[in-house]
file structure_30.cif (mmCIF, C-alpha atoms)
data_start
#
loop_
_atom_site.label_atom_id
_atom_site.label_comp_id
_atom_site.auth_asym_id
_atom_site.auth_seq_id
_atom_site.Cartn_x
_atom_site.Cartn_y
_atom_site.Cartn_z
CA GLY A 4 11.12 17.46 -3.51
CA GLN A 5 10.01 14.51 -5.56
CA ASN A 6 8.53 15.02 -9.00
CA ILE A 7 7.73 12.44 -11.66
CA ASP A 8 6.18 13.56 -14.93
CA GLN A 9 4.59 11.50 -17.67
CA PRO A 10 1.90 12.29 -20.25
CA THR A 11 -1.65 11.91 -19.03
CA GLU A 12 -3.00 10.09 -22.07
CA MET A 13 -1.78 8.65 -25.35
CA THR A 14 -3.49 6.95 -28.27
CA ALA A 15 -1.96 4.47 -30.68
CA THR A 16 -3.08 1.97 -33.30
CA GLU A 17 -3.08 -1.80 -32.99
CA GLY A 18 0.11 -3.23 -34.41
CA ALA A 19 2.03 0.03 -34.09
CA ILE A 20 4.78 1.16 -31.70
CA VAL A 21 4.35 3.66 -28.88
CA GLN A 22 6.86 5.32 -26.57
CA ILE A 23 5.79 6.59 -23.16
CA ASN A 24 8.19 9.09 -21.63
CA CYS A 25 8.90 9.77 -17.98
CA THR A 26 11.06 12.47 -16.43
CA TYR A 27 11.92 12.63 -12.78
CA GLN A 28 13.53 14.87 -10.19
CA THR A 29 14.11 13.07 -6.91
CA SER A 30 16.41 13.56 -3.96
CA GLY A 31 17.87 10.09 -4.43
CA PHE A 32 17.75 7.34 -7.01
CA ASN A 33 17.94 3.59 -6.62
CA GLY A 34 16.14 2.50 -9.75
CA LEU A 35 13.13 3.16 -11.95
CA PHE A 36 10.16 0.87 -12.47
CA TRP A 37 7.44 0.65 -15.05
CA TYR A 38 4.13 -0.93 -14.10
CA GLN A 39 1.00 -1.70 -16.09
CA GLN A 40 -2.39 -1.23 -14.47
CA HIS A 41 -5.74 -2.17 -15.95
CA ALA A 42 -8.76 -0.34 -14.60
CA GLY A 43 -9.81 -1.63 -11.19
CA GLU A 44 -6.86 -3.98 -10.89
CA ALA A 45 -3.52 -4.00 -9.12
CA PRO A 46 -0.41 -2.83 -10.98
CA THR A 47 1.77 -5.51 -12.51
CA PHE A 48 5.54 -5.22 -12.82
CA LEU A 49 6.91 -4.62 -16.32
CA SER A 50 10.52 -3.51 -16.00
CA TYR A 51 13.25 -2.16 -13.79
CA ASN A 52 16.23 0.01 -14.77
CA VAL A 53 19.01 0.99 -12.43
CA LEU A 54 21.82 1.52 -14.96
CA ASP A 55 21.75 3.66 -18.10
CA GLY A 56 20.66 1.94 -21.24
CA LEU A 57 17.96 -0.17 -22.76
CA GLU A 58 16.37 -3.24 -21.19
CA GLU A 59 14.38 -5.37 -23.60
CA LYS A 60 11.76 -7.88 -22.55
CA GLY A 61 9.68 -9.23 -25.39
CA ARG A 62 7.44 -6.56 -26.88
CA PHE A 63 8.31 -4.16 -24.05
CA SER A 64 11.58 -2.23 -23.67
CA SER A 65 12.57 0.37 -21.12
CA PHE A 66 15.33 2.95 -21.35
CA LEU A 67 17.04 4.99 -18.66
CA SER A 68 19.31 8.02 -18.66
CA ARG A 69 20.23 8.92 -15.11
CA SER A 70 22.08 12.10 -16.07
CA LYS A 71 18.97 13.40 -17.80
CA GLY A 72 16.48 12.08 -15.26
CA TYR A 73 14.66 10.42 -18.14
CA SER A 74 13.15 7.08 -18.99
CA TYR A 75 10.84 5.71 -21.61
CA LEU A 76 8.78 2.58 -22.05
CA LEU A 77 8.54 1.30 -25.61
CA LEU A 78 5.71 -1.00 -26.60
CA LYS A 79 5.92 -2.78 -29.94
CA GLU A 80 3.32 -4.66 -31.97
CA LEU A 81 0.55 -3.14 -29.92
CA GLN A 82 -2.39 -5.34 -29.03
CA MET A 83 -5.83 -4.30 -27.81
CA LYS A 84 -5.04 -5.82 -24.40
CA ASP A 85 -2.26 -3.25 -24.01
CA SER A 86 -4.92 -0.62 -23.35
CA ALA A 87 -4.13 0.29 -19.75
CA SER A 88 -2.41 2.84 -17.58
CA TYR A 89 1.38 2.74 -17.46
CA LEU A 90 2.99 3.94 -14.26
CA CYS A 91 6.53 5.21 -13.95
CA ALA A 92 7.92 4.85 -10.43
CA VAL A 93 11.24 5.87 -8.89
CA ARG A 94 12.82 4.19 -5.90
CA ASP A 95 14.70 6.26 -3.38
CA ASP A 96 14.21 4.90 0.13
CA LYS A 97 10.64 4.20 -0.94
CA ILE A 98 8.83 3.98 -4.26
CA ILE A 99 7.11 7.06 -5.60
CA PHE A 100 4.73 6.76 -8.55
CA GLY A 101 4.03 9.17 -11.34
CA LYS A 102 0.41 9.91 -12.18
CA GLY A 103 0.36 7.33 -14.94
CA THR A 104 -0.25 7.43 -18.67
CA ARG A 105 -3.56 6.08 -19.95
CA LEU A 106 -2.87 4.35 -23.25
CA HIS A 107 -5.76 3.88 -25.66
CA ILE A 108 -5.35 1.38 -28.50
CA LEU A 109 -7.43 1.86 -31.62
CA PRO A 110 -8.24 -1.09 -33.91
CA GLY B 15 7.01 -15.27 -8.54
CA ALA B 16 6.16 -13.66 -5.25
CA VAL B 17 2.50 -13.40 -4.29
CA VAL B 18 0.87 -10.83 -2.05
CA SER B 19 -2.66 -11.55 -0.89
CA GLN B 20 -4.94 -8.73 0.17
CA HIS B 21 -8.35 -9.02 1.81
CA PRO B 22 -11.09 -8.03 1.55
CA SER B 23 -11.28 -7.11 -2.12
CA ARG B 24 -14.35 -4.97 -1.57
CA VAL B 25 -15.97 -3.58 1.53
CA ILE B 26 -18.87 -1.25 2.15
CA CYS B 27 -19.16 0.25 5.59
CA LYS B 28 -21.22 2.86 7.37
CA SER B 29 -19.77 6.23 8.18
CA GLY B 30 -18.15 6.21 11.61
CA THR B 31 -17.21 2.55 11.65
CA SER B 32 -13.74 1.02 11.29
CA VAL B 33 -12.48 -1.28 8.58
CA LYS B 34 -9.44 -3.57 8.67
CA ILE B 35 -7.56 -4.54 5.52
CA GLU B 36 -5.06 -7.40 5.56
CA CYS B 37 -1.99 -7.81 3.40
CA ARG B 38 -0.12 -11.11 3.44
CA SER B 39 3.05 -12.22 1.70
CA LEU B 40 2.26 -15.82 0.81
CA ASP B 41 5.59 -17.35 -0.06
CA PHE B 42 8.15 -14.94 1.28
CA GLN B 43 8.91 -12.86 4.33
CA ALA B 44 8.46 -9.13 4.08
CA THR B 45 10.11 -6.95 6.70
CA THR B 46 8.73 -3.93 4.88
CA MET B 47 5.38 -3.45 3.23
CA PHE B 48 3.95 -0.33 1.64
CA TRP B 49 0.39 0.96 1.73
CA TYR B 50 -0.97 3.06 -1.11
CA ARG B 51 -4.25 4.78 -1.83
CA GLN B 52 -5.57 5.40 -5.31
CA PHE B 53 -8.47 7.66 -6.20
CA PRO B 54 -10.27 7.18 -9.53
CA LYS B 55 -8.13 7.93 -12.56
CA GLN B 56 -5.22 8.96 -10.37
CA SER B 57 -1.95 7.28 -9.53
CA LEU B 58 -0.95 5.48 -6.39
CA MET B 59 -0.19 7.73 -3.46
CA LEU B 60 2.08 6.26 -0.81
CA MET B 61 0.41 6.46 2.58
CA ALA B 62 2.88 4.71 4.83
CA THR B 63 5.71 2.25 5.09
CA SER B 64 4.97 -0.67 7.37
CA ASN B 65 7.95 -2.12 9.25
CA GLU B 66 7.79 -5.49 10.99
CA GLY B 67 8.12 -5.12 14.73
CA SER B 68 8.24 -1.34 14.76
CA LYS B 69 6.10 1.69 14.11
CA ALA B 70 5.02 2.54 10.61
CA THR B 71 6.41 5.56 8.83
CA TYR B 72 3.65 7.81 7.53
CA GLU B 73 3.82 10.19 4.58
CA GLN B 74 3.16 13.85 5.09
CA GLY B 75 -0.53 14.58 5.33
CA VAL B 76 -1.57 11.05 6.31
CA GLU B 77 -3.18 10.86 9.75
CA LYS B 78 -1.54 8.09 11.73
CA ASP B 79 -4.39 7.96 14.23
CA LYS B 80 -6.89 7.47 11.45
CA PHE B 81 -4.97 4.93 9.41
CA LEU B 82 -3.60 2.43 11.91
CA ILE B 83 -0.93 0.09 10.62
CA ASN B 84 0.19 -3.07 12.38
CA HIS B 85 2.99 -5.27 11.06
CA ALA B 86 3.14 -7.93 13.73
CA SER B 87 4.76 -10.69 11.69
CA LEU B 88 7.01 -11.08 8.68
CA THR B 89 4.08 -12.09 6.50
CA LEU B 90 1.22 -9.88 7.65
CA SER B 91 0.53 -6.18 7.70
CA THR B 92 -2.87 -4.67 8.46
CA LEU B 93 -4.32 -1.25 7.73
CA THR B 94 -7.29 -0.15 9.82
CA VAL B 95 -9.30 2.83 8.66
CA THR B 96 -10.84 4.19 11.85
CA SER B 97 -14.02 6.23 12.01
CA ALA B 98 -14.35 6.03 8.24
CA HIS B 99 -16.02 8.84 6.34
CA PRO B 100 -17.22 9.00 2.72
CA GLU B 101 -14.07 10.88 1.70
CA ASP B 102 -12.06 7.82 2.75
CA SER B 103 -13.72 5.86 -0.04
CA SER B 104 -10.85 4.77 -2.28
CA PHE B 105 -8.80 1.88 -3.60
CA TYR B 106 -6.26 0.76 -0.99
CA ILE B 107 -3.38 -1.40 -2.09
CA CYS B 108 -0.31 -2.88 -0.45
CA SER B 109 2.99 -4.00 -1.87
CA ALA B 110 6.13 -5.82 -0.81
CA ARG B 111 9.32 -7.14 -2.36
CA ALA B 112 10.68 -10.62 -1.96
CA THR B 113 14.42 -11.13 -1.61
CA GLY B 114 15.87 -11.85 -5.02
CA GLU B 115 12.95 -10.33 -6.89
CA THR B 116 13.43 -7.11 -8.82
CA GLY B 117 9.97 -5.70 -8.80
CA TYR B 118 7.61 -4.98 -5.98
CA THR B 119 4.55 -7.18 -5.93
CA PHE B 120 1.17 -5.66 -5.27
CA GLY B 121 -1.82 -7.10 -3.53
CA SER B 122 -5.07 -7.18 -5.46
CA GLY B 123 -6.33 -4.08 -3.71
CA THR B 124 -9.34 -3.26 -1.56
CA ARG B 125 -12.17 -1.10 -2.83
CA LEU B 126 -13.53 0.72 0.21
CA THR B 127 -16.88 2.47 -0.02
CA VAL B 128 -18.09 4.43 2.99
CA VAL B 129 -21.80 5.24 2.97
#
call {"tool": "encode", "arguments": {"input": "structure_30.cif", "output": "structure tokens"}}
result
Amino acid sequence: GQNIDQPTEMTATEGAIVQINCTYQTSGFNGLFWYQQHAGEAPTFLSYNVLDGLEEKGRFSSFLSRSKGYSYLLLKELQMKDSASYLCAVRDDKIIFGKGTRLHILP
Amino acid sequence: GAVVSQHPSRVICKSGTSVKIECRSLDFQATTMFWYRQFPKQSLMLMATSNEGSKATYEQGVEKDKFLINHASLTLSTLTVTSAHPEDSSFYICSARATGETGYTFGSGTRLTVV
């Protein structure tokens, strides 16, 4: 079966760094996505990893280890606007989403 | 980047009526589109995969006769919620991927409220 796990909620301070972990067990694997979703809005694409290693894109970085079924999203220099849900999603023949991590940023 | 347009953004309907939601790829052709449903504070649950010119593929537990999907062209997929009931109230969202793009683009979503 398909299973994607990530923490339900996290809290961090403005200006700090936070790492959101995601573990997955899926029948197939063709890449892992991270999306950001603000309340009541559509998800927006953040990153995509298909090979092991770290992908850096500005303040956001995403890491993948296929052998461990593990990924993380790293957010640096946190801003208040980063308060949102972060969704980990795995692509097999379709895209399956984890339940999302609600990130709260404190001033 | 690729844009997916979804309409309506909000709809309120009476119990027992049907509601149609449209999903359009504005600047690319999408042979495959995906329909998701999201309940409050929960993640996106894949309902079905919409394939242009053929029948949609539904996820386990999703009633194909209740959630009718039509993908008649390479830029348009529609989801019709038939005989809607209050428990169908949810956020419905579609997505597609343009050739050459890495990520899947989502429509803006439709907030359906059945009263």
call {"tool": "residues_around", "arguments": {"input": "structure_30.cif", "residues": "Lys71 of chain A", "least_positions_apart": "2", "cutoff": "12 Å", "atoms": "all atoms listed in the file", "output": "number ranges by chain"}}
result
A: 25-29, 55, 66-69, 73-75
call {"tool": "atom_distance", "arguments": {"input": "structure_30.cif", "atom1": "atom CA of Gly61 of chain A", "atom2": "atom CA of Ala16 of chain B"}}
result
20.9 Å
call {"tool": "resolve_selection", "arguments": {"input": "structure_30.cif", "expression": "the PyMOL selection byres ((chain B and resi 92) around 9)", "output": "JSON, numbers by chain"}}
result
{"B": [34, 35, 36, 37, 38, 64, 82, 83, 84, 85, 86, 90, 91, 93, 94]}
call {"tool": "residues_near_point", "arguments": {"input": "structure_30.cif", "point": "(2.5, -0.8, -14.9)", "cutoff": "7 Å", "atoms": "all atoms listed in the file", "output": "list in words"}}
result
Trp37, Tyr38, Gln39, Gln40, Pro46, Thr47, Phe48, Leu49, Ser88, Tyr89 and Leu90 of chain A
call {"tool": "residues_near_point", "arguments": {"input": "structure_30.cif", "point": "(-1.4, -1.1, -19.4)", "cutoff": "12 Å", "atoms": "all atoms listed in the file", "output": "compact mmCIF listing (two decimals) with C-alpha atoms, in the frame of the given file"}}
result
# COMPACT_ATOMS: atom_id res chain seq x y z
CA GLU A 12 -3.00 10.09 -22.07
CA MET A 13 -1.78 8.65 -25.35
CA ILE A 23 5.79 6.59 -23.16
CA TRP A 37 7.44 0.65 -15.05
CA TYR A 38 4.13 -0.93 -14.10
CA GLN A 39 1.00 -1.70 -16.09
CA GLN A 40 -2.39 -1.23 -14.47
CA HIS A 41 -5.74 -2.17 -15.95
CA ALA A 42 -8.76 -0.34 -14.60
CA GLY A 43 -9.81 -1.63 -11.19
CA GLU A 44 -6.86 -3.98 -10.89
CA ALA A 45 -3.52 -4.00 -9.12
CA PRO A 46 -0.41 -2.83 -10.98
CA THR A 47 1.77 -5.51 -12.51
CA PHE A 48 5.54 -5.22 -12.82
CA LEU A 49 6.91 -4.62 -16.32
CA PHE A 63 8.31 -4.16 -24.05
CA LEU A 76 8.78 2.58 -22.05
CA LEU A 77 8.54 1.30 -25.61
CA LEU A 78 5.71 -1.00 -26.60
CA LEU A 81 0.55 -3.14 -29.92
CA GLN A 82 -2.39 -5.34 -29.03
CA MET A 83 -5.83 -4.30 -27.81
CA LYS A 84 -5.04 -5.82 -24.40
CA ASP A 85 -2.26 -3.25 -24.01
CA SER A 86 -4.92 -0.62 -23.35
CA ALA A 87 -4.13 0.29 -19.75
CA SER A 88 -2.41 2.84 -17.58
CA TYR A 89 1.38 2.74 -17.46
CA LEU A 90 2.99 3.94 -14.26
CA CYS A 91 6.53 5.21 -13.95
CA GLY A 103 0.36 7.33 -14.94
CA THR A 104 -0.25 7.43 -18.67
CA ARG A 105 -3.56 6.08 -19.95
CA LEU A 106 -2.87 4.35 -23.25
CA HIS A 107 -5.76 3.88 -25.66
CA ILE A 108 -5.35 1.38 -28.50
call {"tool": "atom_distance", "arguments": {"input": "structure_30.cif", "atom1": "atom CA of Lys55 of chain B", "atom2": "atom CA of Glu115 of chain B"}}
result
28.5 Å
call {"tool": "axis_aligned_box", "arguments": {"input": "structure_30.cif", "around": "segment 66-85 of chain A", "padding_each_side": "4 Å", "output": "AutoDock Vina command-line options"}}
result
--center_x 8.1 --center_y 3.8 --center_z -23.5 --size_x 35.9 --size_y 27.2 --size_z 24.9
call {"tool": "closest_atom_pairs", "arguments": {"input": "structure_30.cif", "of": "chain B", "to": "chain A", "cutoff": "12 Å", "atoms": "all atoms listed in the file", "output": "tab-separated table"}}
result
residue	atom	partner	partner_atom	distance
B:Gly15	CA	A:Phe48	CA	11.0
B:Ala16	CA	A:Phe48	CA	11.4
B:Val17	CA	A:Thr47	CA	11.4
B:Val18	CA	A:Ala45	CA	10.8
B:Ser19	CA	A:Ala45	CA	11.2
B:Gln20	CA	A:Ala45	CA	10.5
B:Ser23	CA	A:Glu44	CA	10.3
B:Arg24	CA	A:Gly43	CA	11.1
B:Thr46	CA	A:Lys97	CA	10.2
B:Met47	CA	A:Lys97	CA	10.2
B:Phe48	CA	A:Lys97	CA	8.5
B:Trp49	CA	A:Ile98	CA	10.8
B:Tyr50	CA	A:Ile99	CA	10.1
B:Arg51	CA	A:Phe100	CA	11.4
B:Gln52	CA	A:Gly43	CA	10.1
B:Phe53	CA	A:Gly43	CA	10.6
B:Pro54	CA	A:Gly43	CA	9.0
B:Lys55	CA	A:Ala42	CA	8.5
B:Gln56	CA	A:Lys102	CA	6.0
B:Ser57	CA	A:Lys102	CA	4.4
B:Leu58	CA	A:Phe100	CA	6.2
B:Met59	CA	A:Phe100	CA	7.1
B:Leu60	CA	A:Ile99	CA	7.0
B:Met61	CA	A:Ile99	CA	10.6
B:Ala62	CA	A:Lys97	CA	9.7
B:Thr63	CA	A:Lys97	CA	8.0
B:Ser64	CA	A:Lys97	CA	11.2
B:Thr71	CA	A:Lys97	CA	10.7
B:Tyr72	CA	A:Lys97	CA	11.6
B:Glu73	CA	A:Lys97	CA	10.6
B:Ser104	CA	A:Gly43	CA	11.0
B:Phe105	CA	A:Gly43	CA	8.4
B:Tyr106	CA	A:Ala45	CA	9.8
B:Ile107	CA	A:Ala45	CA	7.5
B:Cys108	CA	A:Ala45	CA	9.3
B:Ser109	CA	A:Ala45	CA	9.7
B:Ala110	CA	A:Ile98	CA	10.7
B:Arg111	CA	A:Phe48	CA	11.3
B:Glu115	CA	A:Tyr51	CA	10.7
B:Thr116	CA	A:Tyr51	CA	7.0
B:Gly117	CA	A:Phe48	CA	6.0
B:Tyr118	CA	A:Phe48	CA	7.2
B:Thr119	CA	A:Phe48	CA	7.2
B:Phe120	CA	A:Ala45	CA	6.3
B:Gly121	CA	A:Ala45	CA	6.6
B:Ser122	CA	A:Ala45	CA	5.1
B:Gly123	CA	A:Ala45	CA	6.1
B:Thr124	CA	A:Ala45	CA	9.6
B:Arg125	CA	A:Gly43	CA	8.7
call {"tool": "write_last_selection", "arguments": {"input": "structure_30.cif", "atoms": "C-alpha atoms", "output": "PDB file, keeping the file's coordinate frame"}}
result
ATOM      1  CA  GLY B  15       7.010 -15.270  -8.540  1.00  0.00           C
ATOM      2  CA  ALA B  16       6.160 -13.660  -5.250  1.00  0.00           C
ATOM      3  CA  VAL B  17       2.500 -13.400  -4.290  1.00  0.00           C
ATOM      4  CA  VAL B  18       0.870 -10.830  -2.050  1.00  0.00           C
ATOM      5  CA  SER B  19      -2.660 -11.550  -0.890  1.00  0.00           C
ATOM      6  CA  GLN B  20      -4.940  -8.730   0.170  1.00  0.00           C
ATOM      7  CA  SER B  23     -11.280  -7.110  -2.120  1.00  0.00           C
ATOM      8  CA  ARG B  24     -14.350  -4.970  -1.570  1.00  0.00           C
ATOM      9  CA  THR B  46       8.730  -3.930   4.880  1.00  0.00           C
ATOM     10  CA  MET B  47       5.380  -3.450   3.230  1.00  0.00           C
ATOM     11  CA  PHE B  48       3.950  -0.330   1.640  1.00  0.00           C
ATOM     12  CA  TRP B  49       0.390   0.960   1.730  1.00  0.00           C
ATOM     13  CA  TYR B  50      -0.970   3.060  -1.110  1.00  0.00           C
ATOM     14  CA  ARG B  51      -4.250   4.780  -1.830  1.00  0.00           C
ATOM     15  CA  GLN B  52      -5.570   5.400  -5.310  1.00  0.00           C
ATOM     16  CA  PHE B  53      -8.470   7.660  -6.200  1.00  0.00           C
ATOM     17  CA  PRO B  54     -10.270   7.180  -9.530  1.00  0.00           C
ATOM     18  CA  LYS B  55      -8.130   7.930 -12.560  1.00  0.00           C
ATOM     19  CA  GLN B  56      -5.220   8.960 -10.370  1.00  0.00           C
ATOM     20  CA  SER B  57      -1.950   7.280  -9.530  1.00  0.00           C
ATOM     21  CA  LEU B  58      -0.950   5.480  -6.390  1.00  0.00           C
ATOM     22  CA  MET B  59      -0.190   7.730  -3.460  1.00  0.00           C
ATOM     23  CA  LEU B  60       2.080   6.260  -0.810  1.00  0.00           C
ATOM     24  CA  MET B  61       0.410   6.460   2.580  1.00  0.00           C
ATOM     25  CA  ALA B  62       2.880   4.710   4.830  1.00  0.00           C
ATOM     26  CA  THR B  63       5.710   2.250   5.090  1.00  0.00           C
ATOM     27  CA  SER B  64       4.970  -0.670   7.370  1.00  0.00           C
ATOM     28  CA  THR B  71       6.410   5.560   8.830  1.00  0.00           C
ATOM     29  CA  TYR B  72       3.650   7.810   7.530  1.00  0.00           C
ATOM     30  CA  GLU B  73       3.820  10.190   4.580  1.00  0.00           C
ATOM     31  CA  SER B 104     -10.850   4.770  -2.280  1.00  0.00           C
ATOM     32  CA  PHE B 105      -8.800   1.880  -3.600  1.00  0.00           C
ATOM     33  CA  TYR B 106      -6.260   0.760  -0.990  1.00  0.00           C
ATOM     34  CA  ILE B 107      -3.380  -1.400  -2.090  1.00  0.00           C
ATOM     35  CA  CYS B 108      -0.310  -2.880  -0.450  1.00  0.00           C
ATOM     36  CA  SER B 109       2.990  -4.000  -1.870  1.00  0.00           C
ATOM     37  CA  ALA B 110       6.130  -5.820  -0.810  1.00  0.00           C
ATOM     38  CA  ARG B 111       9.320  -7.140  -2.360  1.00  0.00           C
ATOM     39  CA  GLU B 115      12.950 -10.330  -6.890  1.00  0.00           C
ATOM     40  CA  THR B 116      13.430  -7.110  -8.820  1.00  0.00           C
ATOM     41  CA  GLY B 117       9.970  -5.700  -8.800  1.00  0.00           C
ATOM     42  CA  TYR B 118       7.610  -4.980  -5.980  1.00  0.00           C
ATOM     43  CA  THR B 119       4.550  -7.180  -5.930  1.00  0.00           C
ATOM     44  CA  PHE B 120       1.170  -5.660  -5.270  1.00  0.00           C
ATOM     45  CA  GLY B 121      -1.820  -7.100  -3.530  1.00  0.00           C
ATOM     46  CA  SER B 122      -5.070  -7.180  -5.460  1.00  0.00           C
ATOM     47  CA  GLY B 123      -6.330  -4.080  -3.710  1.00  0.00           C
ATOM     48  CA  THR B 124      -9.340  -3.260  -1.560  1.00  0.00           C
ATOM     49  CA  ARG B 125     -12.170  -1.100  -2.830  1.00  0.00           C
TER      50      ARG B 125
END
call {"tool": "atom_distance", "arguments": {"input": "structure_30.cif", "atom1": "atom CA of Gly18 of chain A", "atom2": "atom CA of Pro110 of chain A"}}
result
8.6 Å
call {"tool": "resolve_selection", "arguments": {"input": "structure_30.cif", "expression": "the PyMOL selection byres ((chain B and resi 42) around 8)", "output": "VMD selection string"}}
result
chain B and resid 16 39 to 41 43 to 44 89 112 to 113
call {"tool": "write_last_selection", "arguments": {"input": "structure_30.cif", "atoms": "C-alpha atoms", "output": "compact mmCIF listing (two decimals), in the coordinates of the input"}}
result
# COMPACT_ATOMS: atom_id res chain seq x y z
CA ALA B 16 6.16 -13.66 -5.25
CA SER B 39 3.05 -12.22 1.70
CA LEU B 40 2.26 -15.82 0.81
CA ASP B 41 5.59 -17.35 -0.06
CA GLN B 43 8.91 -12.86 4.33
CA ALA B 44 8.46 -9.13 4.08
CA THR B 89 4.08 -12.09 6.50
CA ALA B 112 10.68 -10.62 -1.96
CA THR B 113 14.42 -11.13 -1.61
call {"tool": "build_atoms", "arguments": {"input": "structure_30.cif", "residues": "segment 108-115 of chain B", "atoms": "all heavy atoms", "output": "CSV table (one decimal), keeping the file's coordinate frame"}}
result
chain,number,residue,atom,x,y,z
B,108,CYS,N,-1.6,-2.7,-1.1
B,108,CYS,CA,-0.3,-2.9,-0.4
B,108,CYS,C,0.7,-3.5,-1.4
B,108,CYS,O,0.3,-4.1,-2.4
B,108,CYS,CB,-0.5,-3.8,0.8
B,108,CYS,SG,-1.0,-5.5,0.4
B,109,SER,N,2.0,-3.4,-1.1
B,109,SER,CA,3.0,-4.0,-1.9
B,109,SER,C,4.2,-4.4,-1.0
B,109,SER,O,4.4,-3.9,0.1
B,109,SER,CB,3.5,-3.1,-3.0
B,109,SER,OG,4.3,-2.1,-2.5
B,110,ALA,N,4.9,-5.4,-1.5
B,110,ALA,CA,6.1,-5.8,-0.8
B,110,ALA,C,7.1,-6.4,-1.9
B,110,ALA,O,6.7,-6.7,-3.0
B,110,ALA,CB,5.8,-6.9,0.2
B,111,ARG,N,8.3,-6.6,-1.4
B,111,ARG,CA,9.3,-7.1,-2.4
B,111,ARG,C,10.0,-8.3,-1.7
B,111,ARG,O,10.4,-8.3,-0.6
B,111,ARG,CB,10.4,-6.1,-2.7
B,111,ARG,CG,11.4,-6.6,-3.8
B,111,ARG,CD,12.3,-5.5,-4.2
B,111,ARG,NE,13.2,-5.2,-3.1
B,111,ARG,CZ,14.4,-5.7,-3.0
B,111,ARG,NH1,14.8,-6.7,-3.8
B,111,ARG,NH2,15.2,-5.4,-2.0
B,112,ALA,N,10.0,-9.4,-2.4
B,112,ALA,CA,10.7,-10.6,-2.0
B,112,ALA,C,12.2,-10.5,-2.3
B,112,ALA,O,12.6,-10.0,-3.3
B,112,ALA,CB,10.1,-11.9,-2.6
B,113,THR,N,13.0,-11.1,-1.4
B,113,THR,CA,14.4,-11.1,-1.6
B,113,THR,C,14.7,-11.8,-2.9
B,113,THR,O,14.2,-12.9,-3.2
B,113,THR,CB,15.1,-11.9,-0.4
B,113,THR,OG1,14.8,-11.2,0.8
B,113,THR,CG2,16.6,-11.9,-0.6
B,114,GLY,N,15.5,-11.2,-3.7
B,114,GLY,CA,15.9,-11.8,-5.0
B,114,GLY,C,15.0,-11.4,-6.2
B,114,GLY,O,15.3,-11.6,-7.3
B,115,GLU,N,13.8,-10.8,-5.8
B,115,GLU,CA,13.0,-10.3,-6.9
B,115,GLU,C,13.3,-8.9,-7.2
B,115,GLU,O,13.7,-8.1,-6.3
B,115,GLU,CB,11.5,-10.4,-6.4
B,115,GLU,CG,11.0,-11.8,-6.2
B,115,GLU,CD,10.5,-12.4,-7.5
B,115,GLU,OE1,10.1,-11.7,-8.4
B,115,GLU,OE2,10.4,-13.7,-7.5
